file target_39.txt (compact mmCIF, C-alpha atoms)
# COMPACT_ATOMS: atom_id res chain seq x y z
CA MET A 1 0.00 0.00 0.00
CA ALA A 2 1.38 3.37 -1.00
CA ILE A 3 -0.59 5.53 1.41
CA ASP A 4 1.77 7.42 3.74
CA ARG A 5 -0.47 8.21 6.73
CA ARG A 6 2.16 10.19 8.57
CA LYS A 7 2.73 12.48 5.61
CA ILE A 8 -1.00 13.03 5.06
CA ILE A 9 -1.63 13.80 8.73
CA GLU A 10 1.36 16.14 8.87
CA SER A 11 0.25 18.03 5.76
CA LEU A 12 -3.48 18.26 6.33
CA SER A 13 -3.47 18.93 10.07
CA LYS A 14 -1.73 22.21 9.39
CA LEU A 15 -4.41 23.62 7.12
CA ASP A 16 -5.77 26.86 8.52
CA VAL A 17 -9.54 27.01 8.52
CA VAL A 18 -10.64 30.62 8.51
CA GLY A 19 -14.05 32.16 7.97
CA ASN A 20 -14.68 34.57 5.08
CA ASP A 21 -16.10 38.09 5.42
CA GLU A 22 -19.55 36.59 5.94
CA GLY A 23 -18.34 34.45 8.84
CA LEU A 24 -18.82 31.31 6.76
CA ILE A 25 -16.28 28.65 5.78
CA PRO A 26 -17.23 27.31 2.35
CA ALA A 27 -14.91 24.38 1.58
CA TYR A 28 -15.13 20.84 0.19
CA ASN A 29 -18.57 21.66 -1.34
CA VAL A 30 -20.03 22.24 2.13
CA PHE A 31 -20.11 24.95 4.77
CA VAL A 32 -17.59 23.97 7.44
CA ASN A 33 -17.80 24.88 11.12
CA GLN A 34 -15.17 24.51 13.83
CA LEU A 35 -16.77 24.21 17.25
CA PRO A 36 -15.62 22.91 20.61
CA ALA A 37 -15.91 19.11 20.65
CA ARG A 38 -17.74 19.47 23.94
CA PHE A 39 -20.72 20.97 22.12
CA TRP A 40 -21.32 17.89 19.97
CA ASN A 41 -20.62 15.51 22.85
CA ALA A 42 -22.94 17.30 25.24
CA PHE A 43 -25.91 17.24 22.88
CA ALA A 44 -25.49 13.55 22.05
CA ASP A 45 -24.93 12.58 25.67
CA ARG A 46 -27.78 14.64 27.12
CA LEU A 47 -30.19 13.55 24.38
CA THR A 48 -29.54 9.85 24.94
CA GLN A 49 -29.69 10.29 28.72
CA HIS A 50 -32.96 12.25 28.65
CA VAL A 51 -35.06 9.96 26.46
CA SER A 52 -36.86 6.98 27.91
CA GLU A 53 -35.28 3.54 27.72
CA ASP A 54 -37.42 2.39 24.78
CA LEU A 55 -36.41 5.41 22.69
CA ILE A 56 -32.67 5.32 23.21
CA GLU A 57 -32.07 3.25 20.09
CA SER A 58 -34.07 5.71 17.96
CA ALA A 59 -32.16 8.68 19.37
CA GLU A 60 -28.86 6.91 18.73
CA TRP A 61 -29.90 6.12 15.16
CA LEU A 62 -30.62 9.81 14.54
CA LEU A 63 -27.20 10.79 15.86
CA VAL A 64 -25.45 8.17 13.73
CA ASN A 65 -27.51 9.22 10.73
CA ALA A 66 -26.39 12.86 11.09
CA ALA A 67 -22.78 11.73 10.90
CA HIS A 68 -23.55 9.27 8.10
CA GLU A 69 -24.94 12.01 5.85
CA CYS A 70 -22.21 14.43 6.89
CA GLY A 71 -19.51 11.82 6.18
CA TYR A 72 -21.00 10.96 2.81
CA HIS A 73 -21.19 14.51 1.47
CA THR A 74 -18.13 15.95 3.19
CA GLY A 75 -16.17 12.77 2.43
CA TYR A 76 -16.92 13.20 -1.26
CA GLY A 77 -15.94 16.87 -0.99
CA ILE A 78 -12.64 15.84 0.58
CA ILE A 79 -11.68 13.19 -1.98
CA THR A 80 -12.39 15.58 -4.85
CA SER A 81 -10.67 18.61 -3.25
CA GLU A 82 -7.47 20.31 -4.36
CA GLU A 83 -5.83 19.40 -1.04
CA TRP A 84 -6.59 15.73 -1.67
CA LYS A 85 -5.35 15.94 -5.25
CA SER A 86 -2.05 17.46 -4.18
CA VAL A 87 -1.33 15.37 -1.05
CA VAL A 88 -3.18 12.05 -1.17
CA ALA A 89 -4.00 11.33 -4.82
CA PRO A 90 -0.34 10.80 -5.86
CA MET A 91 -0.12 7.99 -3.29
CA VAL A 92 -3.20 6.14 -4.55
CA GLU A 93 -2.40 2.94 -6.45
CA LYS A 94 -5.37 0.71 -5.72
CA VAL A 95 -8.85 2.16 -6.10
CA PRO A 96 -10.93 2.41 -3.98
CA GLU A 97 -8.98 0.68 -1.17
CA ASP A 98 -6.13 3.21 -1.04
CA ILE A 99 -8.69 6.01 -1.14
CA LEU A 100 -10.32 4.53 1.96
CA HIS A 101 -6.99 4.33 3.80
CA GLY A 102 -6.24 7.91 2.75
CA ALA A 103 -9.67 9.06 3.89
CA PHE A 104 -9.01 7.75 7.40
CA ALA A 105 -5.68 9.59 7.45
CA VAL A 106 -7.61 12.78 6.62
CA PHE A 107 -10.21 11.84 9.24
CA THR A 108 -7.33 11.70 11.72
CA ALA A 109 -5.77 14.96 10.52
CA TRP A 110 -9.05 16.79 10.99
CA GLY A 111 -9.24 15.75 14.63
CA TRP A 112 -12.26 13.49 14.33
CA ALA A 113 -10.46 10.38 15.56
CA LYS A 114 -6.92 9.00 15.54
CA SER A 115 -8.01 6.04 13.48
CA GLU A 116 -6.98 3.52 10.87
CA ILE A 117 -8.39 0.58 8.95
CA VAL A 118 -7.19 -2.73 10.39
CA GLU A 119 -9.19 -5.04 8.16
CA LEU A 120 -10.72 -4.49 4.76
CA ILE A 121 -12.57 -7.02 2.65
CA PRO A 122 -13.42 -5.10 -0.53
CA ASN A 123 -17.09 -4.42 -1.10
CA GLU A 124 -17.97 -6.37 2.05
CA LYS A 125 -16.44 -5.41 5.38
CA MET A 126 -14.16 -2.89 7.04
CA VAL A 127 -12.87 -2.79 10.62
CA VAL A 128 -11.58 0.52 11.95
CA ARG A 129 -9.73 1.16 15.18
CA ALA A 130 -9.66 4.56 16.86
CA TYR A 131 -6.94 5.08 19.45
CA ASP A 132 -8.09 8.53 20.54
CA TYR A 133 -11.37 10.26 19.75
CA TYR A 134 -13.24 13.20 21.19
CA GLU A 135 -16.49 11.28 21.61
CA SER A 136 -14.86 9.23 24.38
CA ASP A 137 -14.50 12.45 26.41
CA VAL A 138 -18.07 12.02 27.69
CA VAL A 139 -16.49 9.82 30.38
CA SER A 140 -13.98 11.45 32.74
CA TYR A 141 -13.95 8.68 35.31
CA GLY A 142 -14.95 5.04 35.18
CA LYS A 143 -16.58 3.52 32.12
CA LYS A 144 -19.89 3.42 30.30
CA SER A 145 -21.71 0.15 29.81
CA LYS A 146 -22.48 1.00 26.19
CA PRO A 147 -20.28 2.69 23.55
CA CYS A 148 -21.31 6.10 22.22
CA ALA A 149 -19.07 7.12 19.31
CA TYR A 150 -22.03 7.87 17.04
CA MET A 151 -20.05 10.19 14.80
CA ILE A 152 -17.36 7.64 13.98
CA ARG A 153 -20.00 4.98 13.33
CA GLY A 154 -21.79 7.22 10.84
CA VAL A 155 -18.72 8.47 9.03
CA ALA A 156 -17.11 5.01 8.77
CA ALA A 157 -20.26 3.67 7.12
CA ALA A 158 -20.38 6.70 4.83
CA PHE A 159 -16.82 6.12 3.64
CA MET A 160 -17.76 2.55 2.65
CA ASP A 161 -20.81 3.97 0.83
CA LEU A 162 -18.48 6.21 -1.14
CA ALA A 163 -16.08 3.35 -1.89
CA TYR A 164 -18.53 0.59 -2.79
CA GLY A 165 -22.02 2.08 -2.83
CA GLY A 166 -22.04 3.23 -6.43
CA ASP A 167 -21.64 6.70 -7.91
CA TYR A 168 -21.85 9.63 -5.53
CA ASP A 169 -25.41 10.92 -5.37
CA PRO A 170 -25.68 14.55 -4.20
CA THR A 171 -29.29 13.91 -3.19
CA GLY A 172 -28.22 10.95 -1.05
CA LYS A 173 -31.07 8.87 -2.40
CA THR A 174 -29.03 6.04 -3.92
CA GLY A 175 -25.46 5.79 -2.65
CA LEU A 176 -26.14 6.56 0.98
CA ARG A 177 -26.80 3.91 3.67
CA THR A 178 -25.64 0.94 1.58
CA PHE A 179 -23.42 0.11 4.58
CA SER A 180 -23.96 0.29 8.31
CA CYS A 181 -21.58 0.28 11.26
CA VAL A 182 -21.59 -1.13 14.77
CA GLN A 183 -19.19 -0.13 17.51
CA THR A 184 -17.76 -3.22 19.19
CA LYS A 185 -15.27 -1.58 21.56
CA GLY A 186 -14.93 1.87 23.09
CA ILE A 187 -12.40 3.86 25.12
CA GLU A 188 -15.46 5.22 26.94
CA CYS A 189 -16.20 1.63 27.97
CA GLY A 190 -12.72 1.01 29.30
CA ASP A 191 -11.25 -0.59 26.17
CA GLU A 192 -7.82 0.43 24.86
CA TYR A 193 -9.32 1.64 21.62
CA GLY A 194 -12.62 2.03 19.85
CA GLU A 195 -13.46 -0.58 17.23
CA PHE A 196 -15.96 -0.14 14.43
CA VAL A 197 -17.21 -2.86 12.10
CA VAL A 198 -18.80 -1.80 8.84
CA THR A 199 -20.79 -4.26 6.74
CA ARG A 200 -23.41 -4.14 4.02
CA ALA A 201 -26.67 -2.67 5.27
CA THR A 202 -29.39 -5.26 5.51
CA ASN A 203 -32.23 -2.87 4.62
CA LYS A 204 -30.92 -1.94 1.15
CA MET B 205 -22.69 57.37 21.90
CA PRO B 206 -21.19 55.42 19.01
CA ILE B 207 -18.71 52.78 20.04
CA LYS B 208 -15.56 52.09 18.10
CA LYS B 209 -14.81 48.41 17.92
CA LYS B 210 -11.07 47.78 17.86
CA THR B 211 -10.28 44.60 19.76
CA GLU B 212 -8.99 41.69 17.66
CA ILE B 213 -9.51 38.13 18.79
CA ILE B 214 -6.38 36.03 19.30
CA LEU B 215 -6.70 32.65 17.68
CA ASP B 216 -4.40 30.10 19.23
CA HIS B 217 -4.60 26.95 17.10
CA ARG B 218 -2.55 23.90 18.04
CA PHE B 219 -2.48 20.33 16.70
CA ASP B 220 -1.30 17.64 19.10
CA PRO B 221 0.41 14.99 16.93
CA LYS B 222 0.26 12.40 19.71
CA THR B 223 -3.52 12.43 20.13
CA CYS B 224 -4.25 14.00 16.72
CA ARG B 225 -6.53 16.55 18.31
CA HIS B 226 -6.94 20.19 17.41
CA TYR B 227 -7.04 22.84 20.11
CA LEU B 228 -8.50 26.27 19.52
CA ASN B 229 -7.76 28.61 22.41
CA ASP B 230 -7.11 25.62 24.69
CA GLN B 231 -10.39 23.86 23.84
CA VAL B 232 -10.58 20.62 21.87
CA SER B 233 -12.04 21.75 18.58
CA VAL B 234 -13.41 19.78 15.68
CA LEU B 235 -14.38 20.50 12.10
CA HIS B 236 -17.83 19.52 10.94
CA CYS B 237 -20.07 20.55 8.07
CA HIS B 238 -23.52 22.05 7.57
CA HIS B 239 -24.98 18.58 7.02
CA TYR B 240 -24.02 17.64 10.56
CA ALA B 241 -25.15 20.93 12.11
CA THR B 242 -28.46 21.03 10.24
CA LEU B 243 -29.22 17.35 10.91
CA TYR B 244 -28.62 17.92 14.63
CA THR B 245 -30.92 20.92 14.34
CA GLN B 246 -33.55 18.97 12.43
CA LEU B 247 -33.29 16.22 15.03
CA ALA B 248 -33.93 18.81 17.75
CA ASN B 249 -36.77 20.39 15.77
CA ASP B 250 -38.58 17.14 15.03
CA CYS B 251 -37.84 15.31 18.27
CA GLY B 252 -41.08 14.19 19.84
CA PHE B 253 -39.48 12.55 22.88
CA ILE B 254 -38.30 15.65 24.74
CA ASP B 255 -37.84 19.40 24.19
CA ALA B 256 -34.67 18.93 22.17
CA LYS B 257 -34.77 22.49 20.80
CA LYS B 258 -34.18 23.74 24.33
CA LEU B 259 -31.64 20.99 24.90
CA LEU B 260 -29.65 22.07 21.84
CA ALA B 261 -29.85 25.74 22.86
CA ASP B 262 -28.79 24.88 26.43
CA VAL B 263 -25.81 22.89 25.18
CA ALA B 264 -24.75 25.80 22.97
CA GLU B 265 -25.25 28.23 25.85
CA ASP B 266 -23.07 26.15 28.19
CA THR B 267 -20.38 25.57 25.59
CA PHE B 268 -20.01 29.14 24.37
CA PHE B 269 -20.41 30.68 27.80
CA ASP B 270 -17.36 28.68 28.87
CA ALA B 271 -15.41 29.47 25.71
CA LEU B 272 -16.04 33.21 25.95
CA SER B 273 -15.68 33.47 29.73
CA SER B 274 -12.33 31.70 29.70
CA TYR B 275 -11.15 33.90 26.84
CA TYR B 276 -12.19 37.09 28.65
CA GLU B 277 -10.40 35.92 31.76
CA LYS B 278 -7.23 34.79 30.02
CA TYR B 279 -6.82 37.99 28.00
CA GLN B 280 -8.35 40.30 30.59
CA ILE B 281 -11.14 41.52 28.33
CA ASN B 282 -13.18 43.59 30.73
CA SER B 283 -15.21 46.23 28.88
CA VAL B 284 -18.64 45.38 27.46
CA GLU B 285 -17.62 46.80 24.08
CA ASP B 286 -14.52 44.64 23.81
CA ARG B 287 -16.36 41.55 25.03
CA ILE B 288 -19.02 42.02 22.36
CA THR B 289 -16.41 42.48 19.66
CA ILE B 290 -14.63 39.30 20.71
CA ALA B 291 -17.92 37.35 20.81
CA GLU B 292 -18.86 38.53 17.30
CA GLN B 293 -15.42 37.58 15.98
CA TYR B 294 -15.46 34.20 17.74
CA TYR B 295 -18.83 33.47 16.12
CA ALA B 296 -17.41 34.27 12.67
CA LEU B 297 -14.18 32.33 13.22
CA SER B 298 -16.25 29.30 14.17
CA GLY B 299 -17.89 29.53 10.76
CA LEU B 300 -21.29 30.25 12.32
CA GLY B 301 -21.86 33.48 10.43
CA GLU B 302 -21.77 37.25 10.63
CA MET B 303 -23.20 38.48 13.91
CA ASN B 304 -23.89 42.06 14.88
CA VAL B 305 -25.01 43.01 18.38
CA ILE B 306 -27.42 45.90 17.85
CA TYR B 307 -27.59 46.68 21.54
CA ALA B 308 -26.81 44.95 24.81
CA GLY B 309 -27.89 45.85 28.30
CA ILE B 310 -27.88 43.90 31.51
CA ASP B 311 -31.64 43.26 31.16
CA SER B 312 -32.17 43.04 27.41
CA GLY B 313 -30.58 43.09 23.99
CA GLU B 314 -30.98 42.62 20.29
CA VAL B 315 -28.75 40.76 17.87
CA GLU B 316 -28.88 40.22 14.13
CA LEU B 317 -27.21 37.90 11.67
CA ALA B 318 -26.42 39.09 8.18
CA HIS B 319 -25.20 35.59 7.33
CA SER B 320 -25.79 32.32 9.12
CA HIS B 321 -24.18 28.88 8.81
CA LEU B 322 -27.33 27.16 10.05
CA ASP B 323 -29.73 29.04 7.78
CA ALA B 324 -27.49 28.87 4.71
CA GLY B 325 -26.86 25.17 5.37
CA TRP B 326 -30.55 24.42 5.89
CA ILE B 327 -31.53 26.23 2.69
CA LYS B 328 -28.75 24.47 0.75
CA LYS B 329 -29.93 21.10 2.06
CA TRP B 330 -33.73 21.42 2.19
CA GLY B 331 -34.74 24.88 0.99
CA LYS B 332 -36.64 27.47 3.00
CA TYR B 333 -38.56 26.65 6.16
CA GLU B 334 -41.52 28.43 7.73
CA LYS B 335 -40.12 28.63 11.27
CA PRO B 336 -36.79 29.76 12.76
CA VAL B 337 -34.38 26.89 13.35
CA ASN B 338 -31.26 28.55 14.70
CA PHE B 339 -31.44 27.07 18.21
CA ILE B 340 -27.65 26.90 18.37
CA THR B 341 -27.37 30.66 17.92
CA CYS B 342 -30.12 31.29 20.49
CA GLY B 343 -27.94 29.40 22.94
CA TYR B 344 -24.80 31.15 21.77
CA ILE B 345 -26.40 34.56 22.39
CA SER B 346 -27.73 33.64 25.84
CA GLY B 347 -24.30 32.33 26.82
CA MET B 348 -22.65 35.40 25.32
CA PHE B 349 -24.84 37.79 27.33
CA SER B 350 -24.14 35.87 30.55
CA ALA B 351 -20.40 35.97 29.85
CA ILE B 352 -20.46 39.66 28.95
CA PHE B 353 -22.34 40.69 32.10
CA ASN B 354 -20.70 38.17 34.48
CA LYS B 355 -23.93 36.29 35.07
CA PRO B 356 -24.40 32.51 35.38
CA VAL B 357 -25.87 30.52 32.51
CA ARG B 358 -29.68 30.52 32.17
CA SER B 359 -29.77 34.21 33.11
CA TYR B 360 -31.12 35.16 29.69
CA THR B 361 -33.71 33.91 27.22
CA THR B 362 -33.12 34.45 23.51
CA ILE B 363 -35.89 34.22 20.92
CA GLU B 364 -35.35 34.29 17.17
CA THR B 365 -37.94 36.72 15.81
CA LYS B 366 -36.91 36.81 12.15
CA SER B 367 -34.92 34.26 10.26
CA ILE B 368 -33.05 33.98 7.01
CA VAL B 369 -34.31 30.43 6.57
CA SER B 370 -37.88 31.79 6.46
CA GLY B 371 -37.04 34.42 3.88
CA ALA B 372 -35.96 37.41 5.99
CA GLU B 373 -32.95 39.37 4.78
CA LYS B 374 -31.38 39.09 8.23
CA SER B 375 -32.07 36.95 11.27
CA ASN B 376 -33.06 38.83 14.40
CA PHE B 377 -32.87 37.78 18.04
CA LYS B 378 -34.42 39.41 21.13
CA VAL B 379 -32.74 38.85 24.45
CA THR B 380 -34.41 39.25 27.83
CA ALA B 381 -33.16 38.68 31.36
CA ASN B 382 -34.87 35.86 33.24
call {"tool": "encode", "arguments": {"input": "target_39.txt", "output": "structure tokens"}}
result
Amino acid sequence: MAIDRRKIIESLSKLDVVGNDEGLIPAYNVFVNQLPARFWNAFADRLTQHVSEDLIESAEWLLVNAAHECGYHTGYGIITSEEWKSVVAPMVEKVPEDILHGAFAVFTAWGWAKSEIVELIPNEKMVVRAYDYYESDVVSYGKKSKPCAYMIRGVAAAFMDLAYGGDYDPTGKTGLRTFSCVQTKGIECGDEYGEFVVTRATNK
Amino acid sequence: MPIKKKTEIILDHRFDPKTCRHYLNDQVSVLHCHHYATLYTQLANDCGFIDAKKLLADVAEDTFFDALSSYYEKYQINSVEDRITIAEQYYALSGLGEMNVIYAGIDSGEVELAHSHLDAGWIKKWGKYEKPVNFITCGYISGMFSAIFNKPVRSYTTIETKSIVSGAEKSNFKVTAN
């Protein structure tokens, strides 16, 4: 594999993200925001804590779905961006597998999760490990009984959609949600790392 | 009396290569897009389980109150004018839009947005909407007023009275003390 993770992370973590005169950050075909991680964590954590037991799964699905759509559209914006073309594209030999490895290096550089693919069966399954991620910050002491990295789950599934789900669909009607992800380990649960298993969605 | 705004926000951005986290003014910061922000907002808007609009606004209030208060303390920003300028600039640097505080008093205030990440993102994703949806900015403004006037969170209520997403040229927010 030709993907040099260290080089990608070094290059793309230094990009300055600055708002324009309108206070907006148009980049990668989306409007970008840079907010304290605590904001996203607090909403997800409070939402899932406030709903009744029988609705937790629905609330979690909505949180994962937000990341899934975000990862699909922003992921496509990233892999078609000038930054990608100059830094990552020259390293790509095997499509789409190298693109997936490169995407997780970018994912890491952007501060979403220090993560990498540890197993990839093309068009079928991907296992990702995250050794540090902001979503685990919801626990400061002890451990949760259930993992809660909804953002990583959604984005990991979205990256597989982009790789094996057919042509990118800006409407999200066709290529999105062809894969789904479950979190099998979590730092927030006391594990050494978070682990995410992406497989073909059963409802498509 | 007209007030001249001259303070410039200091943006201290640091990437920790060991954890691969970004820090913006000592806070763990993360990049996301309008899809994520608008889907969280839609989730809050449509949520039938609990009052998630208030939950989202409260989370924003808590988050930005802390961010602004710690900034004011660290850089000894003490005047109301300078605090407002910093809060407007922080809002823009976060990519949330162009905010202008029309007036601010300890018991009330008015704020407008000429441009808004949430509204622009919502329109780009789904088109216009009949009701205001910028719960995050309502929380931001409440937290901002508390930080400016050295009050605890939940001291102010912010209501969006006009919104870009509903067709207004600018979004408008009324602030009242609780």
call {"tool": "closest_residue", "arguments": {"input": "target_39.txt", "among": "A:Thr48, A:Gln183, A:Ser140, A:Thr74", "to": "chain B", "atoms": "only C-alpha atoms"}}
result
A:Thr74
call {"tool": "residues_around", "arguments": {"input": "target_39.txt", "residues": "His321 of chain B", "least_positions_apart": "5", "cutoff": "9 Å", "atoms": "only C-alpha atoms", "output": "number ranges by chain"}}
result
A: 23-25, 31-33; B: 238, 241, 299-302, 326
call {"tool": "closest_residue", "arguments": {"input": "target_39.txt", "among": "B:Cys251, B:Ala291, B:Ala381, B:Leu297", "to": "chain A", "atoms": "all atoms listed in the file"}}
result
B:Leu297
call {"tool": "closest_residue", "arguments": {"input": "target_39.txt", "among": "A:Ala163, A:Ala2, A:Val106, A:Ala157", "to": "Phe179 of chain A", "atoms": "all atoms listed in the file"}}
result
A:Ala157
call {"tool": "closest_residue", "arguments": {"input": "target_39.txt", "among": "A:Arg177, A:Lys7, A:Lys114, A:Lys94", "to": "chain B", "atoms": "all atoms listed in the file"}}
result
A:Lys114
call {"tool": "closest_residue", "arguments": {"input": "target_39.txt", "among": "B:Gly252, B:Phe268, B:Lys222, B:Ser298", "to": "chain A", "atoms": "all atoms listed in the file"}}
result
B:Ser298
call {"tool": "closest_residue", "arguments": {"input": "target_39.txt", "among": "B:Ile214, B:Val284, B:Leu259, B:Val305", "to": "chain A", "atoms": "only C-alpha atoms"}}
result
B:Leu259
call {"tool": "interface_residues", "arguments": {"input": "target_39.txt", "of": "chain A", "to": "chain B", "cutoff": "9 Å", "atoms": "all atoms listed in the file", "output": "PyMOL selection string"}}
result
chain A and resi 9-10+13-14+16-26+30-40+42-43+46-47+50-52+55+59+62-63+65-71+73-74+108-114+131-134+171
call {"tool": "residues_near_point", "arguments": {"input": "target_39.txt", "point": "(-19.8, 31.6, 27.6)", "cutoff": "6 Å", "atoms": "all atoms listed in the file", "output": "PDB file with C-alpha atoms, keeping the file's coordinate frame"}}
result
ATOM      1  CA  PHE B 268     -20.010  29.140  24.370  1.00  0.00           C
ATOM      2  CA  PHE B 269     -20.410  30.680  27.800  1.00  0.00           C
ATOM      3  CA  ASP B 270     -17.360  28.680  28.870  1.00  0.00           C
ATOM      4  CA  ALA B 271     -15.410  29.470  25.710  1.00  0.00           C
ATOM      5  CA  LEU B 272     -16.040  33.210  25.950  1.00  0.00           C
ATOM      6  CA  SER B 273     -15.680  33.470  29.730  1.00  0.00           C
ATOM      7  CA  GLY B 347     -24.300  32.330  26.820  1.00  0.00           C
ATOM      8  CA  MET B 348     -22.650  35.400  25.320  1.00  0.00           C
ATOM      9  CA  ALA B 351     -20.400  35.970  29.850  1.00  0.00           C
TER      10      ALA B 351
END
call {"tool": "atom_distance", "arguments": {"input": "target_39.txt", "atom1": "atom CA of Glu60 of chain A", "atom2": "atom CA of Gly102 of chain A"}}
result
27.7 Å
call {"tool": "residues_around", "arguments": {"input": "target_39.txt", "residues": "Tyr76 of chain A", "least_positions_apart": "2", "cutoff": "9 Å", "atoms": "only C-alpha atoms", "output": "list in words"}}
result
Tyr28, Asn29, Gly71, Tyr72, His73, Thr74, Ile78, Ile79, Thr80, Ser81, Phe159, Leu162 and Tyr168 of chain A
call {"tool": "atom_distance", "arguments": {"input": "target_39.txt", "atom1": "atom CA of Glu93 of chain A", "atom2": "atom CA of Pro122 of chain A"}}
result
14.9 Å
call {"tool": "atom_distance", "arguments": {"input": "target_39.txt", "atom1": "atom CA of Glu57 of chain A", "atom2": "atom CA of Lys258 of chain B"}}
result
21.0 Å
call {"tool": "residues_around", "arguments": {"input": "target_39.txt", "residues": "Ile8 of chain A", "least_positions_apart": "4", "cutoff": "7 Å", "atoms": "only C-alpha atoms", "output": "PDB file with C-alpha atoms, in the coordinates of the input"}}
result
ATOM      1  CA  ASP A   4       1.770   7.420   3.740  1.00  0.00           C
ATOM      2  CA  LEU A  12      -3.480  18.260   6.330  1.00  0.00           C
ATOM      3  CA  VAL A  87      -1.330  15.370  -1.050  1.00  0.00           C
ATOM      4  CA  VAL A  88      -3.180  12.050  -1.170  1.00  0.00           C
ATOM      5  CA  ALA A 105      -5.680   9.590   7.450  1.00  0.00           C
ATOM      6  CA  VAL A 106      -7.610  12.780   6.620  1.00  0.00           C
TER       7      VAL A 106
END
call {"tool": "residues_around", "arguments": {"input": "target_39.txt", "residues": "Ser136 of chain A", "least_positions_apart": "2", "cutoff": "8 Å", "atoms": "all atoms listed in the file", "output": "MDAnalysis selection string"}}
result
chainID A and resid 132:134 138:139 148:149 186:188
call {"tool": "write_last_selection", "arguments": {"input": "target_39.txt", "atoms": "C-alpha atoms", "output": "short mmCIF file (atom, residue, chain, number, x, y, z; two decimals), in the coordinates of the input"}}
result
data_model
loop_
_atom_site.label_atom_id
_atom_site.label_comp_id
_atom_site.auth_asym_id
_atom_site.auth_seq_id
_atom_site.Cartn_x
_atom_site.Cartn_y
_atom_site.Cartn_z
CA ASP A 132 -8.09 8.53 20.54
CA TYR A 133 -11.37 10.26 19.75
CA TYR A 134 -13.24 13.20 21.19
CA VAL A 138 -18.07 12.02 27.69
CA VAL A 139 -16.49 9.82 30.38
CA CYS A 148 -21.31 6.10 22.22
CA ALA A 149 -19.07 7.12 19.31
CA GLY A 186 -14.93 1.87 23.09
CA ILE A 187 -12.40 3.86 25.12
CA GLU A 188 -15.46 5.22 26.94
#
call {"tool": "residues_around", "arguments": {"input": "target_39.txt", "residues": "Cys189 of chain A", "least_positions_apart": "6", "cutoff": "8 Å", "atoms": "all atoms listed in the file", "output": "ChimeraX atom specification"}}
result
/A:143-147
call {"tool": "axis_aligned_box", "arguments": {"input": "target_39.txt", "around": "segment 333-349 of chain B", "padding_each_side": "5 Å", "output": "JSON"}}
result
{"center_x": -32.1, "center_y": 32.2, "center_z": 16.7, "size_x": 28.9, "size_y": 21.1, "size_z": 31.2}
call {"tool": "build_atoms", "arguments": {"input": "target_39.txt", "residues": "segment 176-185 of chain A", "atoms": "N, CA, C and O atoms", "output": "PDB file, in the coordinates of the input"}}
result
ATOM      1  N   LEU A 176     -26.217   6.445  -0.482  1.00  0.00           N
ATOM      2  CA  LEU A 176     -26.140   6.560   0.980  1.00  0.00           C
ATOM      3  C   LEU A 176     -26.825   5.384   1.668  1.00  0.00           C
ATOM      4  O   LEU A 176     -27.831   4.871   1.176  1.00  0.00           O
ATOM      5  N   ARG A 177     -26.240   4.973   2.815  1.00  0.00           N
ATOM      6  CA  ARG A 177     -26.800   3.910   3.670  1.00  0.00           C
ATOM      7  C   ARG A 177     -26.792   2.525   3.005  1.00  0.00           C
ATOM      8  O   ARG A 177     -27.646   1.691   3.266  1.00  0.00           O
ATOM      9  N   THR A 178     -25.811   2.289   2.107  1.00  0.00           N
ATOM     10  CA  THR A 178     -25.640   0.940   1.580  1.00  0.00           C
ATOM     11  C   THR A 178     -24.835   0.098   2.567  1.00  0.00           C
ATOM     12  O   THR A 178     -24.803  -1.118   2.465  1.00  0.00           O
ATOM     13  N   PHE A 179     -24.158   0.801   3.513  1.00  0.00           N
ATOM     14  CA  PHE A 179     -23.420   0.110   4.580  1.00  0.00           C
ATOM     15  C   PHE A 179     -23.890   0.634   5.936  1.00  0.00           C
ATOM     16  O   PHE A 179     -24.424   1.749   6.035  1.00  0.00           O
ATOM     17  N   SER A 180     -23.670  -0.165   6.955  1.00  0.00           N
ATOM     18  CA  SER A 180     -23.960   0.290   8.310  1.00  0.00           C
ATOM     19  C   SER A 180     -22.807  -0.139   9.221  1.00  0.00           C
ATOM     20  O   SER A 180     -22.013  -1.018   8.866  1.00  0.00           O
ATOM     21  N   CYS A 181     -22.727   0.498  10.376  1.00  0.00           N
ATOM     22  CA  CYS A 181     -21.580   0.280  11.260  1.00  0.00           C
ATOM     23  C   CYS A 181     -22.031   0.012  12.687  1.00  0.00           C
ATOM     24  O   CYS A 181     -22.957   0.660  13.176  1.00  0.00           O
ATOM     25  N   VAL A 182     -21.367  -0.928  13.326  1.00  0.00           N
ATOM     26  CA  VAL A 182     -21.590  -1.130  14.770  1.00  0.00           C
ATOM     27  C   VAL A 182     -20.273  -0.896  15.495  1.00  0.00           C
ATOM     28  O   VAL A 182     -19.203  -1.182  14.951  1.00  0.00           O
ATOM     29  N   GLN A 183     -20.384  -0.354  16.692  1.00  0.00           N
ATOM     30  CA  GLN A 183     -19.190  -0.130  17.510  1.00  0.00           C
ATOM     31  C   GLN A 183     -19.054  -1.311  18.474  1.00  0.00           C
ATOM     32  O   GLN A 183     -19.954  -1.572  19.278  1.00  0.00           O
ATOM     33  N   THR A 184     -17.949  -2.025  18.368  1.00  0.00           N
ATOM     34  CA  THR A 184     -17.760  -3.220  19.190  1.00  0.00           C
ATOM     35  C   THR A 184     -16.871  -2.989  20.412  1.00  0.00           C
ATOM     36  O   THR A 184     -16.871  -3.798  21.334  1.00  0.00           O
ATOM     37  N   LYS A 185     -16.093  -1.922  20.402  1.00  0.00           N
ATOM     38  CA  LYS A 185     -15.270  -1.580  21.560  1.00  0.00           C
ATOM     39  C   LYS A 185     -15.249  -0.062  21.691  1.00  0.00           C
ATOM     40  O   LYS A 185     -15.451   0.665  20.716  1.00  0.00           O
TER      41      LYS A 185
END
